[in-house]
>>> print(open('data18.cif').read())   # mmCIF, N, CA and C atoms
data_work
#
loop_
_atom_site.group_PDB
_atom_site.id
_atom_site.type_symbol
_atom_site.label_atom_id
_atom_site.label_comp_id
_atom_site.auth_asym_id
_atom_site.auth_seq_id
_atom_site.Cartn_x
_atom_site.Cartn_y
_atom_site.Cartn_z
ATOM 1 N N MET A 1 29.677 -117.187 -89.456
ATOM 2 C CA MET A 1 30.528 -117.128 -88.275
ATOM 3 C C MET A 1 31.356 -118.405 -88.204
ATOM 4 N N ILE A 2 32.622 -118.244 -87.917
ATOM 5 C CA ILE A 2 33.540 -119.366 -87.754
ATOM 6 C C ILE A 2 33.969 -119.410 -86.292
ATOM 7 N N VAL A 3 33.853 -120.577 -85.687
ATOM 8 C CA VAL A 3 34.318 -120.770 -84.313
ATOM 9 C C VAL A 3 35.439 -121.806 -84.348
ATOM 10 N N TYR A 4 36.565 -121.438 -83.760
ATOM 11 C CA TYR A 4 37.750 -122.297 -83.684
ATOM 12 C C TYR A 4 38.047 -122.573 -82.219
ATOM 13 N N ALA A 5 38.272 -123.830 -81.896
ATOM 14 C CA ALA A 5 38.600 -124.196 -80.518
ATOM 15 C C ALA A 5 39.795 -125.138 -80.511
ATOM 16 N N GLU A 6 40.574 -125.039 -79.457
ATOM 17 C CA GLU A 6 41.642 -126.003 -79.191
ATOM 18 C C GLU A 6 41.369 -126.635 -77.836
ATOM 19 N N VAL A 7 41.542 -127.939 -77.779
ATOM 20 C CA VAL A 7 41.282 -128.683 -76.556
ATOM 21 C C VAL A 7 42.450 -129.629 -76.320
ATOM 22 N N GLU A 8 42.925 -129.672 -75.089
ATOM 23 C CA GLU A 8 44.020 -130.582 -74.746
ATOM 24 C C GLU A 8 43.505 -131.642 -73.778
ATOM 25 N N PHE A 9 43.875 -132.884 -74.049
ATOM 26 C CA PHE A 9 43.449 -134.014 -73.233
ATOM 27 C C PHE A 9 44.659 -134.820 -72.781
ATOM 28 N N ILE A 10 44.513 -135.467 -71.629
ATOM 29 C CA ILE A 10 45.445 -136.503 -71.205
ATOM 30 C C ILE A 10 44.675 -137.816 -71.268
ATOM 31 N N ILE A 11 45.294 -138.812 -71.882
ATOM 32 C CA ILE A 11 44.646 -140.105 -72.100
ATOM 33 C C ILE A 11 45.256 -141.099 -71.116
ATOM 34 N N HIS A 12 44.574 -141.285 -69.993
ATOM 35 C CA HIS A 12 45.105 -142.142 -68.930
ATOM 36 C C HIS A 12 45.185 -143.614 -69.342
ATOM 37 N N THR A 13 44.326 -144.043 -70.245
ATOM 38 C CA THR A 13 44.261 -145.459 -70.611
ATOM 39 C C THR A 13 45.272 -145.849 -71.690
ATOM 40 N N ALA A 14 45.940 -144.870 -72.308
ATOM 41 C CA ALA A 14 46.888 -145.183 -73.386
ATOM 42 C C ALA A 14 48.254 -145.529 -72.809
ATOM 43 N N HIS A 15 48.792 -146.651 -73.265
ATOM 44 C CA HIS A 15 50.119 -147.082 -72.838
ATOM 45 C C HIS A 15 51.071 -147.198 -74.027
ATOM 46 N N SER A 16 50.621 -146.718 -75.194
ATOM 47 C CA SER A 16 51.448 -146.699 -76.395
ATOM 48 C C SER A 16 50.822 -145.732 -77.388
ATOM 49 N N LEU A 17 51.580 -145.380 -78.409
ATOM 50 C CA LEU A 17 51.030 -144.515 -79.456
ATOM 51 C C LEU A 17 49.886 -145.206 -80.192
ATOM 52 N N LYS A 18 49.981 -146.509 -80.326
ATOM 53 C CA LYS A 18 48.920 -147.266 -81.004
ATOM 54 C C LYS A 18 47.603 -147.162 -80.231
ATOM 55 N N GLU A 19 47.650 -147.288 -78.923
ATOM 56 C CA GLU A 19 46.436 -147.157 -78.108
ATOM 57 C C GLU A 19 45.899 -145.729 -78.154
ATOM 58 N N LYS A 20 46.803 -144.751 -78.109
ATOM 59 C CA LYS A 20 46.384 -143.347 -78.195
ATOM 60 C C LYS A 20 45.677 -143.091 -79.520
ATOM 61 N N ARG A 21 46.257 -143.548 -80.603
ATOM 62 C CA ARG A 21 45.675 -143.306 -81.924
ATOM 63 C C ARG A 21 44.328 -144.005 -82.084
ATOM 64 N N ALA A 22 44.152 -145.143 -81.452
ATOM 65 C CA ALA A 22 42.861 -145.830 -81.511
ATOM 66 C C ALA A 22 41.778 -144.988 -80.840
ATOM 67 N N VAL A 23 42.085 -144.437 -79.679
ATOM 68 C CA VAL A 23 41.136 -143.570 -78.966
ATOM 69 C C VAL A 23 40.857 -142.323 -79.798
ATOM 70 N N LEU A 24 41.909 -141.701 -80.302
ATOM 71 C CA LEU A 24 41.759 -140.479 -81.096
ATOM 72 C C LEU A 24 40.942 -140.701 -82.354
ATOM 73 N N GLN A 25 41.260 -141.753 -83.078
ATOM 74 C CA GLN A 25 40.548 -142.018 -84.327
ATOM 75 C C GLN A 25 39.064 -142.248 -84.075
ATOM 76 N N ARG A 26 38.754 -143.037 -83.068
ATOM 77 C CA ARG A 26 37.357 -143.326 -82.747
ATOM 78 C C ARG A 26 36.601 -142.049 -82.376
ATOM 79 N N MET A 27 37.195 -141.226 -81.506
ATOM 80 C CA MET A 27 36.503 -140.026 -81.049
ATOM 81 C C MET A 27 36.422 -138.945 -82.126
ATOM 82 N N THR A 28 37.475 -138.759 -82.905
ATOM 83 C CA THR A 28 37.410 -137.730 -83.946
ATOM 84 C C THR A 28 36.427 -138.114 -85.043
ATOM 85 N N MET A 29 36.401 -139.379 -85.439
ATOM 86 C CA MET A 29 35.453 -139.819 -86.473
ATOM 87 C C MET A 29 34.013 -139.679 -85.984
ATOM 88 N N ARG A 30 33.740 -140.114 -84.777
ATOM 89 C CA ARG A 30 32.376 -140.008 -84.244
ATOM 90 C C ARG A 30 31.948 -138.556 -84.091
ATOM 91 N N THR A 31 32.857 -137.702 -83.656
ATOM 92 C CA THR A 31 32.531 -136.279 -83.493
ATOM 93 C C THR A 31 32.196 -135.650 -84.835
ATOM 94 N N LYS A 32 32.980 -135.958 -85.857
ATOM 95 C CA LYS A 32 32.721 -135.409 -87.196
ATOM 96 C C LYS A 32 31.403 -135.933 -87.764
ATOM 97 N N GLN A 33 31.063 -137.178 -87.461
ATOM 98 C CA GLN A 33 29.810 -137.750 -87.954
ATOM 99 C C GLN A 33 28.590 -137.171 -87.252
ATOM 100 N N LYS A 34 28.702 -136.888 -85.967
ATOM 101 C CA LYS A 34 27.557 -136.423 -85.177
ATOM 102 C C LYS A 34 27.317 -134.914 -85.289
ATOM 103 N N PHE A 35 28.388 -134.154 -85.509
ATOM 104 C CA PHE A 35 28.284 -132.698 -85.459
ATOM 105 C C PHE A 35 28.893 -132.078 -86.714
ATOM 106 N N ASN A 36 28.498 -130.854 -86.997
ATOM 107 C CA ASN A 36 29.000 -130.125 -88.166
ATOM 108 C C ASN A 36 30.324 -129.447 -87.803
ATOM 109 N N VAL A 37 31.364 -130.258 -87.585
ATOM 110 C CA VAL A 37 32.680 -129.759 -87.194
ATOM 111 C C VAL A 37 33.771 -130.518 -87.939
ATOM 112 N N SER A 38 34.930 -129.910 -87.987
ATOM 113 C CA SER A 38 36.143 -130.580 -88.447
ATOM 114 C C SER A 38 37.071 -130.692 -87.245
ATOM 115 N N VAL A 39 37.774 -131.824 -87.151
ATOM 116 C CA VAL A 39 38.637 -132.094 -85.996
ATOM 117 C C VAL A 39 39.979 -132.621 -86.503
ATOM 118 N N ALA A 40 41.069 -132.125 -85.909
ATOM 119 C CA ALA A 40 42.406 -132.613 -86.248
ATOM 120 C C ALA A 40 43.305 -132.521 -85.025
ATOM 121 N N GLU A 41 44.226 -133.486 -84.905
ATOM 122 C CA GLU A 41 45.237 -133.417 -83.854
ATOM 123 C C GLU A 41 46.323 -132.453 -84.325
ATOM 124 N N ILE A 42 46.635 -131.451 -83.507
ATOM 125 C CA ILE A 42 47.598 -130.434 -83.936
ATOM 126 C C ILE A 42 48.867 -130.393 -83.094
ATOM 127 N N ASP A 43 48.921 -131.161 -82.007
ATOM 128 C CA ASP A 43 50.123 -131.149 -81.176
ATOM 129 C C ASP A 43 50.216 -132.456 -80.397
ATOM 130 N N HIS A 44 51.398 -132.755 -79.927
ATOM 131 C CA HIS A 44 51.691 -133.951 -79.118
ATOM 132 C C HIS A 44 51.498 -135.246 -79.905
ATOM 133 N N GLN A 45 51.776 -135.232 -81.203
ATOM 134 C CA GLN A 45 51.586 -136.440 -82.010
ATOM 135 C C GLN A 45 52.480 -137.592 -81.569
ATOM 136 N N ASP A 46 53.629 -137.310 -81.000
ATOM 137 C CA ASP A 46 54.561 -138.364 -80.600
ATOM 138 C C ASP A 46 54.554 -138.641 -79.108
ATOM 139 N N VAL A 47 53.586 -138.084 -78.390
ATOM 140 C CA VAL A 47 53.457 -138.316 -76.950
ATOM 141 C C VAL A 47 52.248 -139.225 -76.756
ATOM 142 N N TRP A 48 52.408 -140.337 -76.057
ATOM 143 C CA TRP A 48 51.347 -141.337 -76.028
ATOM 144 C C TRP A 48 50.239 -141.107 -75.020
ATOM 145 N N GLN A 49 50.354 -140.158 -74.115
ATOM 146 C CA GLN A 49 49.247 -139.917 -73.178
ATOM 147 C C GLN A 49 48.686 -138.505 -73.268
ATOM 148 N N ARG A 50 49.040 -137.768 -74.303
ATOM 149 C CA ARG A 50 48.587 -136.383 -74.399
ATOM 150 C C ARG A 50 48.250 -136.042 -75.838
ATOM 151 N N THR A 51 47.244 -135.176 -76.017
ATOM 152 C CA THR A 51 46.891 -134.721 -77.356
ATOM 153 C C THR A 51 46.283 -133.324 -77.297
ATOM 154 N N ARG A 52 46.438 -132.592 -78.370
ATOM 155 C CA ARG A 52 45.779 -131.281 -78.536
ATOM 156 C C ARG A 52 45.028 -131.342 -79.856
ATOM 157 N N LEU A 53 43.717 -131.093 -79.770
ATOM 158 C CA LEU A 53 42.854 -131.129 -80.945
ATOM 159 C C LEU A 53 42.413 -129.726 -81.323
ATOM 160 N N ALA A 54 42.303 -129.488 -82.627
ATOM 161 C CA ALA A 54 41.699 -128.264 -83.152
ATOM 162 C C ALA A 54 40.329 -128.655 -83.694
ATOM 163 N N ILE A 55 39.322 -127.846 -83.363
ATOM 164 C CA ILE A 55 37.956 -128.094 -83.804
ATOM 165 C C ILE A 55 37.432 -126.811 -84.425
ATOM 166 N N VAL A 56 36.821 -126.923 -85.597
ATOM 167 C CA VAL A 56 36.301 -125.761 -86.303
ATOM 168 C C VAL A 56 34.882 -126.042 -86.764
ATOM 169 N N THR A 57 34.021 -125.031 -86.623
ATOM 170 C CA THR A 57 32.669 -125.121 -87.163
ATOM 171 C C THR A 57 32.309 -123.792 -87.820
ATOM 172 N N VAL A 58 31.445 -123.872 -88.819
ATOM 173 C CA VAL A 58 30.992 -122.691 -89.551
ATOM 174 C C VAL A 58 29.476 -122.710 -89.567
ATOM 175 N N ALA A 59 28.872 -121.557 -89.279
ATOM 176 C CA ALA A 59 27.413 -121.442 -89.291
ATOM 177 C C ALA A 59 27.029 -120.022 -89.688
ATOM 178 N N SER A 60 25.753 -119.837 -89.954
ATOM 179 C CA SER A 60 25.280 -118.528 -90.411
ATOM 180 C C SER A 60 25.194 -117.500 -89.283
ATOM 181 N N SER A 61 25.177 -117.960 -88.031
ATOM 182 C CA SER A 61 25.124 -117.032 -86.899
ATOM 183 C C SER A 61 26.068 -117.492 -85.794
ATOM 184 N N LYS A 62 26.424 -116.533 -84.942
ATOM 185 C CA LYS A 62 27.312 -116.852 -83.824
ATOM 186 C C LYS A 62 26.640 -117.843 -82.876
ATOM 187 N N GLU A 63 25.348 -117.683 -82.640
ATOM 188 C CA GLU A 63 24.617 -118.578 -81.730
ATOM 189 C C GLU A 63 24.613 -120.013 -82.244
ATOM 190 N N ALA A 64 24.365 -120.186 -83.536
ATOM 191 C CA ALA A 64 24.342 -121.535 -84.115
ATOM 192 C C ALA A 64 25.731 -122.175 -84.063
ATOM 193 N N ALA A 65 26.758 -121.395 -84.371
ATOM 194 C CA ALA A 65 28.121 -121.921 -84.326
ATOM 195 C C ALA A 65 28.524 -122.276 -82.899
ATOM 196 N N ASP A 66 28.189 -121.410 -81.953
ATOM 197 C CA ASP A 66 28.475 -121.682 -80.542
ATOM 198 C C ASP A 66 27.773 -122.946 -80.062
ATOM 199 N N ARG A 67 26.521 -123.098 -80.433
ATOM 200 C CA ARG A 67 25.744 -124.267 -80.021
ATOM 201 C C ARG A 67 26.366 -125.553 -80.560
ATOM 202 N N GLU A 68 26.753 -125.550 -81.846
ATOM 203 C CA GLU A 68 27.371 -126.737 -82.448
ATOM 204 C C GLU A 68 28.709 -127.047 -81.774
ATOM 205 N N MET A 69 29.507 -126.014 -81.505
ATOM 206 C CA MET A 69 30.796 -126.213 -80.844
ATOM 207 C C MET A 69 30.593 -126.729 -79.421
ATOM 208 N N ASP A 70 29.629 -126.177 -78.697
ATOM 209 C CA ASP A 70 29.344 -126.644 -77.333
ATOM 210 C C ASP A 70 28.967 -128.119 -77.322
ATOM 211 N N HIS A 71 28.132 -128.530 -78.273
ATOM 212 C CA HIS A 71 27.724 -129.941 -78.344
ATOM 213 C C HIS A 71 28.927 -130.845 -78.635
ATOM 214 N N ALA A 72 29.769 -130.431 -79.569
ATOM 215 C CA ALA A 72 30.940 -131.231 -79.924
ATOM 216 C C ALA A 72 31.916 -131.324 -78.747
ATOM 217 N N LEU A 73 32.161 -130.205 -78.078
ATOM 218 C CA LEU A 73 33.084 -130.212 -76.934
ATOM 219 C C LEU A 73 32.533 -131.051 -75.782
ATOM 220 N N HIS A 74 31.230 -130.944 -75.545
ATOM 221 C CA HIS A 74 30.614 -131.761 -74.490
ATOM 222 C C HIS A 74 30.742 -133.242 -74.815
ATOM 223 N N TYR A 75 30.527 -133.602 -76.074
ATOM 224 C CA TYR A 75 30.663 -134.996 -76.488
ATOM 225 C C TYR A 75 32.106 -135.481 -76.283
ATOM 226 N N LEU A 76 33.079 -134.695 -76.709
ATOM 227 C CA LEU A 76 34.476 -135.091 -76.529
ATOM 228 C C LEU A 76 34.829 -135.230 -75.049
ATOM 229 N N GLU A 77 34.354 -134.304 -74.246
ATOM 230 C CA GLU A 77 34.657 -134.328 -72.814
ATOM 231 C C GLU A 77 34.003 -135.509 -72.102
ATOM 232 N N SER A 78 32.930 -136.047 -72.654
ATOM 233 C CA SER A 78 32.204 -137.137 -72.009
ATOM 234 C C SER A 78 32.912 -138.492 -72.117
ATOM 235 N N ASN A 79 33.960 -138.576 -72.913
ATOM 236 C CA ASN A 79 34.697 -139.834 -73.062
ATOM 237 C C ASN A 79 35.442 -140.145 -71.767
ATOM 238 N N PRO A 80 35.161 -141.299 -71.133
ATOM 239 C CA PRO A 80 35.825 -141.625 -69.864
ATOM 240 C C PRO A 80 37.300 -142.021 -70.012
ATOM 241 N N GLN A 81 37.771 -142.214 -71.239
ATOM 242 C CA GLN A 81 39.161 -142.632 -71.448
ATOM 243 C C GLN A 81 40.149 -141.485 -71.357
ATOM 244 N N TRP A 82 39.658 -140.238 -71.326
ATOM 245 C CA TRP A 82 40.578 -139.122 -71.230
ATOM 246 C C TRP A 82 40.012 -138.015 -70.372
ATOM 247 N N GLU A 83 40.883 -137.079 -70.018
ATOM 248 C CA GLU A 83 40.499 -135.957 -69.154
ATOM 249 C C GLU A 83 40.927 -134.655 -69.835
ATOM 250 N N MET A 84 40.017 -133.690 -69.875
ATOM 251 C CA MET A 84 40.325 -132.406 -70.497
ATOM 252 C C MET A 84 41.239 -131.592 -69.589
ATOM 253 N N LEU A 85 42.328 -131.083 -70.164
ATOM 254 C CA LEU A 85 43.280 -130.268 -69.418
ATOM 255 C C LEU A 85 43.107 -128.785 -69.703
ATOM 256 N N ASP A 86 42.757 -128.465 -70.944
ATOM 257 C CA ASP A 86 42.699 -127.067 -71.355
ATOM 258 C C ASP A 86 41.698 -126.918 -72.485
ATOM 259 N N ARG A 87 41.042 -125.737 -72.532
ATOM 260 C CA ARG A 87 40.087 -125.442 -73.606
ATOM 261 C C ARG A 87 40.240 -123.971 -73.960
ATOM 262 N N TRP A 88 40.250 -123.683 -75.261
ATOM 263 C CA TRP A 88 40.421 -122.326 -75.742
ATOM 264 C C TRP A 88 39.536 -122.140 -76.970
ATOM 265 N N ARG A 89 38.874 -120.998 -77.091
ATOM 266 C CA ARG A 89 37.938 -120.740 -78.190
ATOM 267 C C ARG A 89 38.166 -119.364 -78.774
ATOM 268 N N GLU A 90 38.027 -119.269 -80.117
ATOM 269 C CA GLU A 90 38.198 -117.998 -80.813
ATOM 270 C C GLU A 90 37.128 -117.860 -81.880
ATOM 271 N N TYR A 91 36.692 -116.634 -82.109
ATOM 272 C CA TYR A 91 35.691 -116.338 -83.132
ATOM 273 C C TYR A 91 36.375 -115.616 -84.289
ATOM 274 N N LEU A 92 36.142 -116.106 -85.498
ATOM 275 C CA LEU A 92 36.768 -115.517 -86.674
ATOM 276 C C LEU A 92 35.727 -114.895 -87.578
#
>>> encode(input="data18.cif", output="structure tokens")
Amino acid sequence: MIVYAEVEFIIHTAHSLKEKRAVLQRMTMRTKQKFNVSVAEIDHQDVWQRTRLAIVTVASSKEAADREMDHALHYLESNPQWEMLDRWREYL
């Protein structure tokens, strides 16, 4: 089972693209290290207070994939430097 999610965040603490990328790099690397997911920024690359991430996980069952995705999304949402604006999930 493949689970694909898109998440949009606003980064209140970023005042430049450099600050945004520092937050993004730290959170995407930690998320990939902690969970069995792949993460990439797919939109708003040139906007310094907004980002849209794509997250994908693969598992042998829908329950396992959902659980891994839930953990990764909860971890991303727990970062106090940004606020989640939108979340979307699809099963492939």
>>> atom_distance(input="data18.cif", atom1="atom CA of A:Ala22", atom2="atom N of A:Lys34")
17.3 Å
>>> resolve_selection(input="data18.cif", expression="the PyMOL selection byres ((chain A and resi 86) around 7)", output="list in words")
Glu6, Val7, Glu8, Phe9, Glu83, Met84, Leu85, Arg87 and Trp88 of chain A
>>> closest_residue(input="data18.cif", among="A:Glu63, A:Val56, A:Trp82, A:Val3", to="A:Lys32", atoms="only C-alpha atoms")
A:Val56
>>> closest_residue(input="data18.cif", among="A:His12, A:His74, A:Lys18, A:Arg89", to="A:Ala54", atoms="only C-alpha atoms")
A:Arg89
>>> atom_distance(input="data18.cif", atom1="atom CA of A:His15", atom2="atom N of A:Gln49")
7.0 Å
>>> select_by_dssp(input="data18.cif", residues="stretch 17-92 of chain A", states="strand (DSSP E or B)", output="list in words")
Ser38, Val39, Ala40, Glu41, Ile42, Asp43, Arg50, Thr51, Arg52, Leu53, Ala54, Ile55, Val56, Thr57, Val58, Glu83, Met84, Leu85, Asp86, Arg87, Trp88, Arg89, Glu90 and Tyr91 of chain A
>>> closest_residue(input="data18.cif", among="A:Ala64, A:Arg50, A:Met1, A:Gln33", to="A:Gln81", atoms="only C-alpha atoms")
A:Arg50
>>> atom_distance(input="data18.cif", atom1="atom N of A:Val47", atom2="atom C of A:Arg26")
17.9 Å
>>> closest_residue(input="data18.cif", among="A:Met29, A:Val37, A:Ala59, A:Ala14", to="A:His71", atoms="only C-alpha atoms")
A:Val37
>>> select_by_dssp(input="data18.cif", residues="chain A", states="alpha helix (DSSP H)", output="PyMOL selection string")
chain A and resi 17-34+62-77
>>> closest_residue(input="data18.cif", among="A:Gln25, A:Thr57, A:Asn79, A:Ser16", to="A:Ser38", atoms="only N, CA and C atoms")
A:Thr57
>>> closest_residue(input="data18.cif", among="A:Val23, A:Val39, A:Leu73, A:Ile11", to="A:Leu53", atoms="all atoms listed in the file")
A:Val39
>>> residues_around(input="data18.cif", residues="A:Ser60", least_positions_apart="5", cutoff="12 Å", atoms="only C-alpha atoms", output="compact mmCIF listing (two decimals) with N, CA and C atoms, keeping the file's coordinate frame")
# COMPACT_ATOMS: atom_id res chain seq x y z
N MET A 1 29.68 -117.19 -89.46
CA MET A 1 30.53 -117.13 -88.28
C MET A 1 31.36 -118.40 -88.20
N ILE A 2 32.62 -118.24 -87.92
CA ILE A 2 33.54 -119.37 -87.75
C ILE A 2 33.97 -119.41 -86.29
N VAL A 3 33.85 -120.58 -85.69
CA VAL A 3 34.32 -120.77 -84.31
C VAL A 3 35.44 -121.81 -84.35
N ALA A 65 26.76 -121.40 -84.37
CA ALA A 65 28.12 -121.92 -84.33
C ALA A 65 28.52 -122.28 -82.90
N ASP A 66 28.19 -121.41 -81.95
CA ASP A 66 28.48 -121.68 -80.54
C ASP A 66 27.77 -122.95 -80.06
N ARG A 67 26.52 -123.10 -80.43
CA ARG A 67 25.74 -124.27 -80.02
C ARG A 67 26.37 -125.55 -80.56
N GLU A 68 26.75 -125.55 -81.85
CA GLU A 68 27.37 -126.74 -82.45
C GLU A 68 28.71 -127.05 -81.77
